file upload_37.cif (mmCIF, C-alpha atoms and all ligand atoms)
data_coords
loop_
_atom_site.label_atom_id
_atom_site.label_comp_id
_atom_site.auth_asym_id
_atom_site.auth_seq_id
_atom_site.Cartn_x
_atom_site.Cartn_y
_atom_site.Cartn_z
CA MET T 10 114.03 77.47 112.47
CA SER T 11 117.24 76.70 110.61
CA LYS T 12 118.52 78.85 107.77
CA LEU T 13 116.09 79.49 104.97
CA THR T 14 116.90 80.04 101.32
CA LEU T 15 115.31 83.35 100.45
CA ILE T 16 114.76 84.95 97.06
CA ALA T 17 114.33 88.66 96.47
CA THR T 18 112.75 88.96 93.05
CA ALA T 19 113.87 91.82 90.82
CA ALA T 20 112.69 93.44 87.61
CA MET T 21 114.90 92.78 84.61
CA GLY T 22 118.04 94.91 84.82
CA LEU T 23 117.67 95.75 88.53
CA GLU T 24 119.19 92.54 89.95
CA ALA T 25 122.55 94.16 90.84
CA LEU T 26 120.80 96.98 92.68
CA VAL T 27 118.63 94.54 94.65
CA ALA T 28 121.77 92.49 95.46
CA LYS T 29 123.49 95.61 96.78
CA GLU T 30 120.53 96.30 99.06
CA VAL T 31 120.47 92.69 100.29
CA ARG T 32 124.22 92.89 101.07
CA ASN T 33 123.76 96.21 102.86
CA LEU T 34 121.29 94.44 105.15
CA GLY T 35 124.05 91.97 105.98
CA TYR T 36 123.20 88.97 103.78
CA GLU T 37 125.66 87.48 101.29
CA CYS T 38 123.86 86.71 98.05
CA GLN T 39 124.04 85.41 94.51
CA VAL T 40 122.45 87.04 91.51
CA ASP T 41 120.46 85.16 88.89
CA ASN T 42 118.05 86.28 86.15
CA GLY T 43 115.29 88.23 87.88
CA LYS T 44 116.29 87.14 91.36
CA VAL T 45 118.76 87.51 94.18
CA ILE T 46 119.26 84.42 96.36
CA PHE T 47 120.46 84.53 99.95
CA GLN T 48 120.35 82.62 103.23
CA GLY T 49 118.51 84.07 106.18
CA ASP T 50 116.25 83.36 109.12
CA GLU T 51 112.88 84.72 110.26
CA ASP T 52 114.44 88.10 111.05
CA ALA T 53 115.69 88.29 107.47
CA ILE T 54 112.10 87.84 106.23
CA CYS T 55 110.94 90.84 108.27
CA ARG T 56 113.95 93.05 107.59
CA THR T 57 114.14 92.47 103.83
CA ASN T 58 110.40 93.03 103.37
CA LEU T 59 110.59 96.26 105.34
CA TRP T 60 113.79 97.61 103.81
CA LEU T 61 114.23 96.49 100.20
CA ARG T 62 113.39 99.49 98.02
CA THR T 63 114.11 97.99 94.61
CA ALA T 64 112.95 94.33 94.94
CA ASP T 65 109.47 93.13 93.92
CA ARG T 66 108.92 90.43 96.55
CA VAL T 67 110.68 88.23 99.09
CA LYS T 68 110.02 84.49 98.75
CA ILE T 69 111.14 81.39 100.61
CA GLN T 70 112.54 78.68 98.39
CA VAL T 71 110.91 75.53 99.77
CA GLY T 72 112.41 73.20 97.18
CA GLU T 73 114.11 72.95 93.80
CA PHE T 74 114.22 69.78 91.75
CA LYS T 75 114.01 68.31 88.27
CA ALA T 76 110.49 67.36 87.16
CA THR T 77 109.62 66.08 83.71
CA THR T 78 106.46 64.12 84.63
CA PHE T 79 103.44 64.95 86.81
CA ASP T 80 104.29 61.99 89.05
CA GLU T 81 107.74 63.40 89.66
CA LEU T 82 106.32 66.85 90.38
CA PHE T 83 103.79 65.33 92.80
CA GLU T 84 106.19 63.07 94.71
CA LYS T 85 108.98 65.61 95.01
CA THR T 86 106.57 68.34 96.14
CA LYS T 87 105.03 65.97 98.68
CA ALA T 88 108.46 65.09 100.04
CA LEU T 89 109.05 68.72 101.11
CA ASN T 90 108.49 69.63 104.74
CA TRP T 91 105.32 71.72 104.34
CA GLY T 92 104.26 71.40 107.98
CA GLN T 93 107.35 73.42 108.91
CA TYR T 94 105.80 76.48 107.23
CA ILE T 95 102.07 76.08 106.72
CA SER T 96 99.70 76.09 109.69
CA GLU T 97 96.62 73.86 109.79
CA ASN T 98 94.21 76.75 109.20
CA ALA T 99 96.31 78.42 106.46
CA GLU T 100 95.02 79.50 103.08
CA PHE T 101 97.47 78.17 100.48
CA PRO T 102 96.61 78.94 96.85
CA VAL T 103 99.09 77.82 94.20
CA ILE T 104 100.16 79.94 91.25
CA GLY T 105 102.54 78.83 88.52
CA LYS T 106 104.58 79.50 85.43
CA SER T 107 106.44 77.31 82.98
CA VAL T 108 109.18 78.22 80.52
CA LYS T 109 110.93 75.80 78.12
CA SER T 110 109.76 72.75 80.14
CA LYS T 111 108.10 69.41 79.37
CA LEU T 112 105.43 70.21 81.97
CA PHE T 113 104.01 73.19 80.13
CA SER T 114 100.38 73.16 81.31
CA VAL T 115 100.46 75.65 84.17
CA PRO T 116 96.93 74.85 85.50
CA ASP T 117 97.84 71.15 85.68
CA CYS T 118 101.14 71.88 87.47
CA GLN T 119 99.28 74.10 89.96
CA SER T 120 96.69 71.45 90.78
CA ILE T 121 99.32 68.71 91.10
CA VAL T 122 101.31 70.86 93.54
CA LYS T 123 98.16 71.74 95.47
CA LYS T 124 97.23 68.04 95.78
CA ALA T 125 100.74 67.12 96.92
CA VAL T 126 100.78 69.83 99.60
CA VAL T 127 97.29 68.87 100.82
CA GLU T 128 98.30 65.23 101.05
CA LYS T 129 101.49 66.05 102.96
CA LEU T 130 99.68 68.38 105.36
CA ARG T 131 96.94 65.81 105.95
CA SER T 132 99.51 63.34 107.19
CA THR T 133 101.33 66.07 109.18
CA TYR T 134 98.13 67.26 110.89
CA LYS T 135 96.51 63.80 110.94
CA ARG T 136 93.40 64.94 109.12
CA THR T 137 90.99 63.02 106.97
CA THR T 138 88.83 65.99 106.01
CA TRP T 139 89.56 69.02 103.78
CA PHE T 140 91.34 72.08 105.10
CA GLU T 141 89.02 75.05 105.54
CA GLU T 142 91.78 77.51 104.60
CA THR T 143 90.41 80.38 106.68
CA GLY T 144 93.73 81.45 108.26
CA PRO T 145 96.84 83.36 107.15
CA LEU T 146 97.82 83.43 103.48
CA TYR T 147 100.72 81.30 102.22
CA ARG T 148 100.89 81.76 98.47
CA ILE T 149 102.79 78.90 96.87
CA GLU T 150 104.40 79.27 93.46
CA VAL T 151 105.61 76.51 91.18
CA ALA T 152 107.98 77.94 88.58
CA LEU T 153 109.33 75.59 85.93
CA LEU T 154 112.36 76.60 83.91
CA LYS T 155 114.03 74.08 81.61
CA ASP T 156 112.42 71.21 83.61
CA ILE T 157 113.66 72.48 86.96
CA ALA T 158 110.81 73.21 89.36
CA THR T 159 111.37 75.90 91.97
CA ILE T 160 108.73 75.87 94.69
CA THR T 161 108.42 79.04 96.72
CA LEU T 162 106.26 80.67 99.39
CA ASP T 163 105.59 84.40 99.06
CA THR T 164 106.33 86.26 102.29
CA SER T 165 105.36 89.72 100.98
CA GLY T 166 101.69 89.56 99.99
CA ALA T 167 101.11 92.66 97.90
CA GLY T 168 104.21 93.46 95.81
CA LEU T 169 106.84 95.52 97.60
CA HIS T 170 106.19 98.47 95.26
CA LYS T 171 102.98 98.98 97.23
CA ARG T 172 104.35 101.30 99.89
CA GLY T 173 100.88 102.33 101.00
CA TYR T 174 101.14 105.98 100.00
CA ARG T 175 99.58 105.99 96.56
CA VAL T 176 96.09 107.26 97.27
CA ALA T 177 95.83 108.65 93.76
CA GLN T 178 97.83 108.27 90.59
CA GLY T 179 98.35 110.02 87.27
CA GLU T 180 98.33 108.56 83.79
CA ALA T 181 101.73 106.90 83.63
CA PRO T 182 103.05 106.58 87.18
CA LEU T 183 106.38 104.89 87.70
CA LYS T 184 106.44 101.82 89.88
CA GLU T 185 107.82 102.85 93.27
CA THR T 186 110.56 100.20 93.01
CA LEU T 187 111.76 101.68 89.71
CA ALA T 188 111.53 105.24 91.05
CA ALA T 189 113.67 104.23 94.05
CA SER T 190 116.12 102.55 91.65
CA LEU T 191 116.46 105.74 89.61
CA VAL T 192 117.38 107.65 92.77
CA MET T 193 119.76 104.94 93.99
CA LEU T 194 121.57 104.86 90.64
CA THR T 195 122.70 108.45 91.29
CA ASN T 196 125.22 109.65 93.87
CA TRP T 197 122.62 111.96 95.44
CA LYS T 198 123.11 112.59 99.15
CA ALA T 199 120.38 113.95 101.38
CA ASP T 200 122.07 117.34 101.83
CA ARG T 201 121.98 118.09 98.08
CA PRO T 202 119.06 119.71 96.23
CA PHE T 203 116.84 117.26 94.35
CA VAL T 204 114.33 118.13 91.62
CA ASP T 205 111.85 116.18 89.50
CA PRO T 206 110.43 118.69 86.97
CA PHE T 207 107.96 116.12 85.50
CA CYS T 208 106.82 114.78 88.86
CA GLY T 209 103.35 113.45 87.90
CA SER T 210 102.03 111.73 91.03
CA GLY T 211 105.31 112.46 92.82
CA THR T 212 106.78 108.95 92.94
CA ILE T 213 110.45 109.86 92.35
CA ALA T 214 110.42 112.80 94.78
CA LEU T 215 108.67 110.75 97.49
CA GLU T 216 111.06 107.82 97.08
CA ALA T 217 113.98 110.28 97.33
CA ALA T 218 112.53 111.65 100.57
CA LEU T 219 112.24 108.13 102.03
CA ILE T 220 115.85 107.42 101.01
CA GLY T 221 117.04 110.80 102.29
CA GLN T 222 115.65 110.21 105.76
CA ASN T 223 116.49 106.49 105.71
CA ILE T 224 112.84 105.59 106.22
CA ALA T 225 112.10 101.91 105.51
CA PRO T 226 109.86 101.82 102.41
CA GLY T 227 107.61 99.19 104.00
CA PHE T 228 106.97 101.08 107.23
CA ASN T 229 103.42 102.03 106.19
CA ARG T 230 102.07 98.57 105.26
CA GLU T 231 101.62 94.94 106.23
CA PHE T 232 103.03 91.78 104.69
CA ALA T 233 101.64 88.23 104.22
CA SER T 234 104.17 86.89 106.74
CA ASP T 235 102.90 89.35 109.37
CA GLY T 236 100.26 86.69 110.04
CA TRP T 237 102.59 83.68 110.11
CA GLU T 238 102.84 82.19 113.57
CA TRP T 239 106.37 80.82 113.19
CA VAL T 240 107.68 84.23 112.13
CA GLY T 241 105.85 85.76 115.07
CA LYS T 242 104.46 89.15 116.01
CA ASP T 243 107.46 89.86 118.28
CA ARG T 244 109.93 89.52 115.46
CA TRP T 245 107.91 91.86 113.28
CA ARG T 246 107.64 94.33 116.15
CA ARG T 247 111.42 94.24 116.65
CA ALA T 248 112.09 94.74 112.93
CA ARG T 249 109.70 97.71 112.88
CA GLU T 250 111.34 99.16 115.99
CA GLU T 251 114.74 98.77 114.35
CA ALA T 252 113.41 100.63 111.30
CA GLU T 253 112.04 103.40 113.49
CA ASP T 254 115.40 103.73 115.28
CA LEU T 255 117.32 103.91 112.00
CA ALA T 256 115.12 106.60 110.44
CA ARG T 257 116.75 110.04 110.38
CA TYR T 258 113.69 112.22 110.79
CA ASP T 259 115.81 115.28 111.55
CA GLN T 260 117.66 115.12 108.21
CA LYS T 261 116.73 118.27 106.29
CA LEU T 262 115.87 117.77 102.63
CA HIS T 263 115.58 120.12 99.63
CA ILE T 264 113.30 118.15 97.34
CA ILE T 265 111.04 119.75 94.75
CA GLY T 266 108.59 118.10 92.38
CA SER T 267 106.89 120.15 89.69
CA ASP T 268 104.54 119.43 86.81
CA ILE T 269 102.73 121.44 84.15
CA ASP T 270 99.42 119.87 85.21
CA HIS T 271 97.97 121.25 88.44
CA ARG T 272 95.84 118.09 88.88
CA MET T 273 99.05 116.06 89.03
CA VAL T 274 100.48 118.43 91.59
CA GLN T 275 97.36 117.94 93.70
CA ILE T 276 97.70 114.14 93.44
CA ALA T 277 101.38 114.31 94.40
CA LYS T 278 100.48 116.42 97.44
CA GLU T 279 97.81 113.92 98.50
CA ASN T 280 100.32 111.08 98.23
CA ALA T 281 102.86 113.05 100.27
CA GLU T 282 100.26 113.68 102.92
CA GLU T 283 99.31 110.00 103.10
CA ILE T 284 102.90 109.06 103.91
CA GLY T 285 103.57 112.02 106.17
CA LEU T 286 106.17 113.70 103.93
CA THR T 287 104.29 116.97 103.30
CA ASP T 288 106.87 119.10 105.10
CA LEU T 289 109.81 117.50 103.31
CA VAL T 290 108.84 117.69 99.66
CA THR T 291 107.55 120.78 97.87
CA PHE T 292 105.19 120.14 94.97
CA LYS T 293 104.27 122.99 92.67
CA GLN T 294 102.77 123.64 89.26
CA MET T 295 105.38 124.74 86.73
CA GLN T 296 106.45 124.15 83.14
CA VAL T 297 109.94 122.73 82.73
CA LYS T 298 111.02 125.70 80.61
CA ASP T 299 110.42 128.03 83.59
CA PHE T 300 112.73 126.11 85.92
CA MET T 301 115.36 128.30 87.58
CA THR T 302 117.59 127.79 90.58
CA LYS T 303 120.35 129.55 92.47
CA GLU T 304 121.35 126.32 94.19
CA GLU T 305 124.40 124.35 93.13
CA TYR T 306 125.49 120.72 93.04
CA GLY T 307 121.94 119.44 92.84
CA TYR T 308 120.32 116.49 91.11
CA VAL T 309 117.51 116.33 88.58
CA VAL T 310 115.99 112.85 88.39
CA THR T 311 113.05 112.66 86.06
CA ASN T 312 110.73 110.69 83.83
CA PRO T 313 109.36 113.04 81.16
CA PRO T 314 106.72 112.05 78.58
CA TYR T 315 108.13 109.49 76.11
CA GLY T 316 106.07 110.35 73.04
CA GLU T 317 104.97 106.75 72.53
CA ARG T 318 102.35 107.77 69.97
CA LEU T 319 103.51 109.05 66.61
CA SER T 320 101.41 112.21 66.93
CA GLU T 321 103.28 113.12 70.12
CA LYS T 322 106.75 113.03 68.54
CA PRO T 323 107.01 116.74 67.67
CA LEU T 324 105.75 117.64 71.15
CA VAL T 325 108.33 115.59 73.03
CA GLU T 326 111.11 116.74 70.72
CA LYS T 327 110.24 120.34 71.59
CA LEU T 328 110.03 119.38 75.27
CA TYR T 329 113.47 117.71 75.24
CA ALA T 330 114.92 120.79 73.51
CA GLU T 331 113.41 122.95 76.29
CA MET T 332 114.95 120.65 78.88
CA GLY T 333 118.35 120.97 77.22
CA LYS T 334 118.11 124.74 77.20
CA VAL T 335 117.34 124.82 80.92
CA PHE T 336 119.61 122.07 82.27
CA ARG T 337 122.63 122.01 79.93
CA GLY T 338 124.00 125.22 81.40
CA MET T 339 123.69 124.04 85.02
CA ASP T 340 127.16 122.53 85.10
CA THR T 341 127.28 121.77 88.82
CA TRP T 342 124.04 119.79 88.59
CA SER T 343 123.76 116.12 87.62
CA ILE T 344 120.83 115.38 85.33
CA TYR T 345 119.21 111.94 85.07
CA VAL T 346 116.45 111.30 82.53
CA LEU T 347 114.50 108.10 81.87
CA THR T 348 112.87 107.88 78.46
CA SER T 349 112.23 105.39 75.69
CA TYR T 350 112.68 108.08 73.03
CA PRO T 351 115.65 106.91 70.93
CA GLU T 352 116.74 110.39 69.86
CA PHE T 353 116.58 112.01 73.29
CA GLU T 354 120.24 113.14 73.26
CA LYS T 355 119.87 114.76 69.84
CA TRP T 356 116.94 116.94 70.96
CA TYR T 357 118.36 117.59 74.42
CA GLY T 358 121.51 118.77 72.71
CA ALA T 359 124.19 116.82 74.56
CA GLU T 360 125.52 113.30 74.72
CA ALA T 361 125.02 111.61 78.08
CA SER T 362 128.06 110.83 80.28
CA LYS T 363 126.56 107.36 80.69
CA LYS T 364 123.48 105.42 79.59
CA ARG T 365 121.83 102.45 81.23
CA LYS T 366 119.16 100.20 79.75
CA LEU T 367 116.14 99.81 82.03
CA PHE T 368 112.61 98.50 81.63
CA ASN T 369 109.64 100.59 82.70
CA GLY T 370 107.16 97.71 82.79
CA PHE T 371 107.45 96.32 79.27
CA ILE T 372 108.79 99.54 77.77
CA ARG T 373 112.49 99.48 77.03
CA THR T 374 113.98 102.76 78.16
CA ASP T 375 117.39 104.34 78.59
CA TYR T 376 118.49 106.15 81.71
CA TYR T 377 120.50 109.12 80.41
CA GLN T 378 122.99 110.33 82.99
CA TYR T 379 124.76 113.70 82.74
CA PHE T 380 127.31 114.08 85.53
CA GLY T 381 127.78 117.54 87.01
CA LYS T 382 130.99 118.99 88.48
CA ARG T 383 131.95 117.69 91.90
CA PRO T 384 131.64 120.11 94.79
CA PRO T 385 135.01 121.45 96.07
CA ARG T 386 136.49 119.46 98.96
CA PRO T 387 136.13 121.22 102.29
CA GLN T 388 139.44 122.88 103.36
CA LEU T 389 141.01 121.17 106.38
C1 LIG T 401 105.54 110.16 82.51
S1 LIG T 401 104.71 111.35 83.47
C2 LIG T 401 105.59 111.33 84.97
C3 LIG T 401 105.08 110.28 85.91
C4 LIG T 401 105.72 110.31 87.28
N1 LIG T 401 107.11 109.88 87.25
C5 LIG T 401 104.92 109.46 88.26
O1 LIG T 401 105.47 108.51 88.84
O2 LIG T 401 103.73 109.71 88.44
C6 LIG T 401 105.21 112.84 82.74
C7 LIG T 401 104.62 114.10 83.36
O3 LIG T 401 105.16 115.24 82.69
C8 LIG T 401 104.20 116.29 82.75
N2 LIG T 401 104.53 117.30 81.71
C9 LIG T 401 104.29 117.26 80.38
N3 LIG T 401 104.78 118.37 79.79
C10 LIG T 401 105.39 119.11 80.75
C11 LIG T 401 106.10 120.35 80.76
N4 LIG T 401 106.28 121.04 79.65
N5 LIG T 401 106.60 120.79 81.92
C12 LIG T 401 106.41 120.11 83.07
N6 LIG T 401 105.71 118.93 83.13
C13 LIG T 401 105.22 118.43 81.98
C14 LIG T 401 102.87 115.57 82.56
O4 LIG T 401 101.80 116.32 83.11
C15 LIG T 401 103.11 114.24 83.30
O5 LIG T 401 102.59 114.28 84.62
#
call {"tool": "encode", "arguments": {"input": "upload_37.cif", "output": "structure tokens"}}
result
Amino acid sequence: MSKLTLIATAAMGLEALVAKEVRNLGYECQVDNGKVIFQGDEDAICRTNLWLRTADRVKIQVGEFKATTFDELFEKTKALNWGQYISENAEFPVIGKSVKSKLFSVPDCQSIVKKAVVEKLRSTYKRTTWFEETGPLYRIEVALLKDIATITLDTSGAGLHKRGYRVAQGEAPLKETLAASLVMLTNWKADRPFVDPFCGSGTIALEAALIGQNIAPGFNREFASDGWEWVGKDRWRRAREEAEDLARYDQKLHIIGSDIDHRMVQIAKENAEEIGLTDLVTFKQMQVKDFMTKEEYGYVVTNPPYGERLSEKPLVEKLYAEMGKVFRGMDTWSIYVLTSYPEFEKWYGAEASKKRKLFNGFIRTDYYQYFGKRPPRPQL
């Protein structure tokens, strides 16, 4: 197959991080709102699905065109080369969205696109009957933005945040893609101590362990395009072998996750076990105010309670003050805190070295970053 236009979708604010990951895999890319666009082949489909830690999905852009009438949408969709991608037995549902476009009825757009694809495939496969759709899944999306229709095929299946390790979760777990982003926005290296003192179900600590040992985040799951004939089982096998070769299983890690709630600690341990990281991450029950360490030049990356409800305000203010008391004095440590609480710095007792706006789902948060001293350079 010739070059494909691929799209790695990204949560708002994480596009630059996704782009960096795409470039690190060897693909030049452009960044747009919520997406990173790059050229690649079948190998790129396998490798990006397996490796991207911060992207939501990888899609193939099948076509992009202006459409202001249903006829236009139908004809231009039908003109695309669907037989190149979709096998005769494929299941191909159509989902859609429309923003600031004349064609605003999403159900109508979906059924028009479905009809156009069926008609094209009928002529490709010389069929007069309906397709049974019992084979591999090819999810088509029609996304209209300001009258431009972008037609894509989803290669991922379940969103890439589904790493396959979450057997249990707490009340407000972070999405794995956001947790990985929080770690990647620091300068943490695998030989430095790493602590999440509000670990909940352990997402940040587990993502740090995967990063620390260079384990591909998708190694424990399957993808929609695993079943696509033209991508092929061999290519997937090679991409998984490459991931296995690149993992650094002998890299030692000092990662600790702790939480006041012993049930959370149990959940975090179960998740660690599911992904085989039990020996690499220590989870224990502890209140943040009891945190102590003799280690230096470590990293705290954490997502404490936000105090979303009014009644919780005094509690989180006290908690942030406790955090300040414990962490402010650890001047060789770098402290990273994600919260939506607007007065976090006031209660923590120090102004952050840097702040970055991030969205945790629909909640607008800030990522407060307190940079610690750099370790001394080794003497030559
Ligand atoms: C927003 S949740 C963290 C979710 C976590 N990032 C995840 O992905 O599952 C905040 C956690 O802080 C814990 N917590 C609340 N007060 C605490 C305290 N004083 N010390 C330590 N943990 C505390 C709660 O039990 C809860 O699990």
call {"tool": "axis_aligned_box", "arguments": {"input": "upload_37.cif", "around": "ligand LIG 401 (chain T)", "padding_each_side": "6 Å", "output": "AutoDock Vina command-line options"}}
result
--center_x 104.5 --center_y 114.8 --center_z 84.2 --size_x 17.3 --size_y 24.5 --size_z 21.2
call {"tool": "closest_residue", "arguments": {"input": "upload_37.cif", "among": "T:Gln275, T:Ser132, T:Asn196, T:Asn98", "to": "ligand LIG 401 (chain T)", "atoms": "all atoms listed in the file"}}
result
T:Gln275
call {"tool": "residues_near_ligand", "arguments": {"input": "upload_37.cif", "ligand": "ligand LIG 401 (chain T)", "cutoff": "7 Å", "atoms": "all atoms listed in the file", "output": "PyMOL selection string"}}
result
chain T and resi 178-184+206-213+267-270+273+295-298+311-315+328
call {"tool": "closest_residue", "arguments": {"input": "upload_37.cif", "among": "T:Val45, T:Val335, T:Ala256, T:Ile54", "to": "Glu24 in chain T", "atoms": "only C-alpha atoms"}}
result
T:Val45
call {"tool": "atom_distance", "arguments": {"input": "upload_37.cif", "atom1": "CA of Lys322 in chain T", "atom2": "CA of Met301 in chain T"}}
result
25.9 Å
call {"tool": "atom_distance", "arguments": {"input": "upload_37.cif", "atom1": "CA of Val309 in chain T", "atom2": "CA of Asp254 in chain T"}}
result
29.6 Å
call {"tool": "residues_around", "arguments": {"input": "upload_37.cif", "residues": "Ile160 in chain T", "least_positions_apart": "2", "cutoff": "8 Å", "atoms": "all atoms listed in the file", "output": "ChimeraX atom specification"}}
result
/T:70-73,86,149-152,158,162
call {"tool": "write_last_selection", "arguments": {"input": "upload_37.cif", "atoms": "C-alpha atoms", "output": "mmCIF file, in the frame of the given file"}}
result
data_model
loop_
_atom_site.group_PDB
_atom_site.id
_atom_site.type_symbol
_atom_site.label_atom_id
_atom_site.label_comp_id
_atom_site.auth_asym_id
_atom_site.auth_seq_id
_atom_site.Cartn_x
_atom_site.Cartn_y
_atom_site.Cartn_z
ATOM 1 C CA GLN T 70 112.540 78.680 98.390
ATOM 2 C CA VAL T 71 110.910 75.530 99.770
ATOM 3 C CA GLY T 72 112.410 73.200 97.180
ATOM 4 C CA GLU T 73 114.110 72.950 93.800
ATOM 5 C CA THR T 86 106.570 68.340 96.140
ATOM 6 C CA ILE T 149 102.790 78.900 96.870
ATOM 7 C CA GLU T 150 104.400 79.270 93.460
ATOM 8 C CA VAL T 151 105.610 76.510 91.180
ATOM 9 C CA ALA T 152 107.980 77.940 88.580
ATOM 10 C CA ALA T 158 110.810 73.210 89.360
ATOM 11 C CA LEU T 162 106.260 80.670 99.390
#
call {"tool": "residues_around", "arguments": {"input": "upload_37.cif", "residues": "Glu231 in chain T", "least_positions_apart": "4", "cutoff": "10 Å", "atoms": "all atoms listed in the file", "output": "list in words"}}
result
Asn58, Leu59, Ser165, Gly166, Ala167, Lys171, Arg172, Gly173, Gly227, Asp235, Gly236 and Trp245 of chain T
call {"tool": "residues_near_point", "arguments": {"input": "upload_37.cif", "point": "(124.3, 119.0, 91.1)", "cutoff": "10 Å", "atoms": "all atoms listed in the file", "output": "PDB file with C-alpha atoms, in the frame of the given file"}}
result
ATOM      1  CA  ASN T 196     125.220 109.650  93.870  1.00  0.00           C
ATOM      2  CA  TRP T 197     122.620 111.960  95.440  1.00  0.00           C
ATOM      3  CA  ARG T 201     121.980 118.090  98.080  1.00  0.00           C
ATOM      4  CA  PRO T 202     119.060 119.710  96.230  1.00  0.00           C
ATOM      5  CA  PHE T 203     116.840 117.260  94.350  1.00  0.00           C
ATOM      6  CA  GLU T 304     121.350 126.320  94.190  1.00  0.00           C
ATOM      7  CA  GLU T 305     124.400 124.350  93.130  1.00  0.00           C
ATOM      8  CA  TYR T 306     125.490 120.720  93.040  1.00  0.00           C
ATOM      9  CA  GLY T 307     121.940 119.440  92.840  1.00  0.00           C
ATOM     10  CA  TYR T 308     120.320 116.490  91.110  1.00  0.00           C
ATOM     11  CA  VAL T 309     117.510 116.330  88.580  1.00  0.00           C
ATOM     12  CA  MET T 339     123.690 124.040  85.020  1.00  0.00           C
ATOM     13  CA  ASP T 340     127.160 122.530  85.100  1.00  0.00           C
ATOM     14  CA  THR T 341     127.280 121.770  88.820  1.00  0.00           C
ATOM     15  CA  TRP T 342     124.040 119.790  88.590  1.00  0.00           C
ATOM     16  CA  SER T 343     123.760 116.120  87.620  1.00  0.00           C
ATOM     17  CA  ILE T 344     120.830 115.380  85.330  1.00  0.00           C
ATOM     18  CA  TYR T 379     124.760 113.700  82.740  1.00  0.00           C
ATOM     19  CA  PHE T 380     127.310 114.080  85.530  1.00  0.00           C
ATOM     20  CA  GLY T 381     127.780 117.540  87.010  1.00  0.00           C
ATOM     21  CA  LYS T 382     130.990 118.990  88.480  1.00  0.00           C
ATOM     22  CA  ARG T 383     131.950 117.690  91.900  1.00  0.00           C
ATOM     23  CA  PRO T 384     131.640 120.110  94.790  1.00  0.00           C
TER      24      PRO T 384
END
call {"tool": "atom_distance", "arguments": {"input": "upload_37.cif", "atom1": "CA of Thr137 in chain T", "atom2": "CA of Lys124 in chain T"}}
result
13.8 Å
call {"tool": "closest_residue", "arguments": {"input": "upload_37.cif", "among": "T:Lys303, T:Phe140, T:Ser190, T:Arg247", "to": "Leu367 in chain T", "atoms": "all atoms listed in the file"}}
result
T:Ser190
call {"tool": "closest_residue", "arguments": {"input": "upload_37.cif", "among": "T:Gln93, T:Thr14, T:Phe47, T:Thr77", "to": "Val240 in chain T", "atoms": "only C-alpha atoms"}}
result
T:Gln93
call {"tool": "build_atoms", "arguments": {"input": "upload_37.cif", "residues": "range 89-97 of chain T", "atoms": "N, CA, C and O atoms", "output": "short mmCIF file (atom, residue, chain, number, x, y, z; two decimals), keeping the file's coordinate frame"}}
result
data_model
loop_
_atom_site.label_atom_id
_atom_site.label_comp_id
_atom_site.auth_asym_id
_atom_site.auth_seq_id
_atom_site.Cartn_x
_atom_site.Cartn_y
_atom_site.Cartn_z
N LEU T 89 108.57 67.51 100.42
CA LEU T 89 109.05 68.72 101.11
C LEU T 89 108.34 68.85 102.46
O LEU T 89 107.22 68.36 102.64
N ASN T 90 109.01 69.56 103.37
CA ASN T 90 108.49 69.63 104.74
C ASN T 90 107.48 70.78 104.90
O ASN T 90 107.77 71.80 105.53
N TRP T 91 106.29 70.62 104.36
CA TRP T 91 105.32 71.72 104.34
C TRP T 91 104.82 72.11 105.73
O TRP T 91 104.53 73.28 105.98
N GLY T 92 104.76 71.11 106.62
CA GLY T 92 104.26 71.40 107.98
C GLY T 92 105.16 72.38 108.73
O GLY T 92 104.73 73.04 109.68
N GLN T 93 106.41 72.49 108.29
CA GLN T 93 107.35 73.42 108.91
C GLN T 93 106.90 74.88 108.69
O GLN T 93 107.17 75.75 109.49
N TYR T 94 106.19 75.10 107.58
CA TYR T 94 105.80 76.48 107.23
C TYR T 94 104.29 76.73 107.40
O TYR T 94 103.89 77.76 107.90
N ILE T 95 103.49 75.79 106.91
CA ILE T 95 102.07 76.08 106.72
C ILE T 95 101.23 75.56 107.89
O ILE T 95 101.24 74.36 108.19
N SER T 96 100.52 76.47 108.53
CA SER T 96 99.70 76.09 109.69
C SER T 96 98.43 75.37 109.21
O SER T 96 98.05 75.47 108.04
N GLU T 97 97.76 74.70 110.16
CA GLU T 97 96.62 73.86 109.79
C GLU T 97 95.46 74.69 109.21
O GLU T 97 94.71 74.22 108.36
#
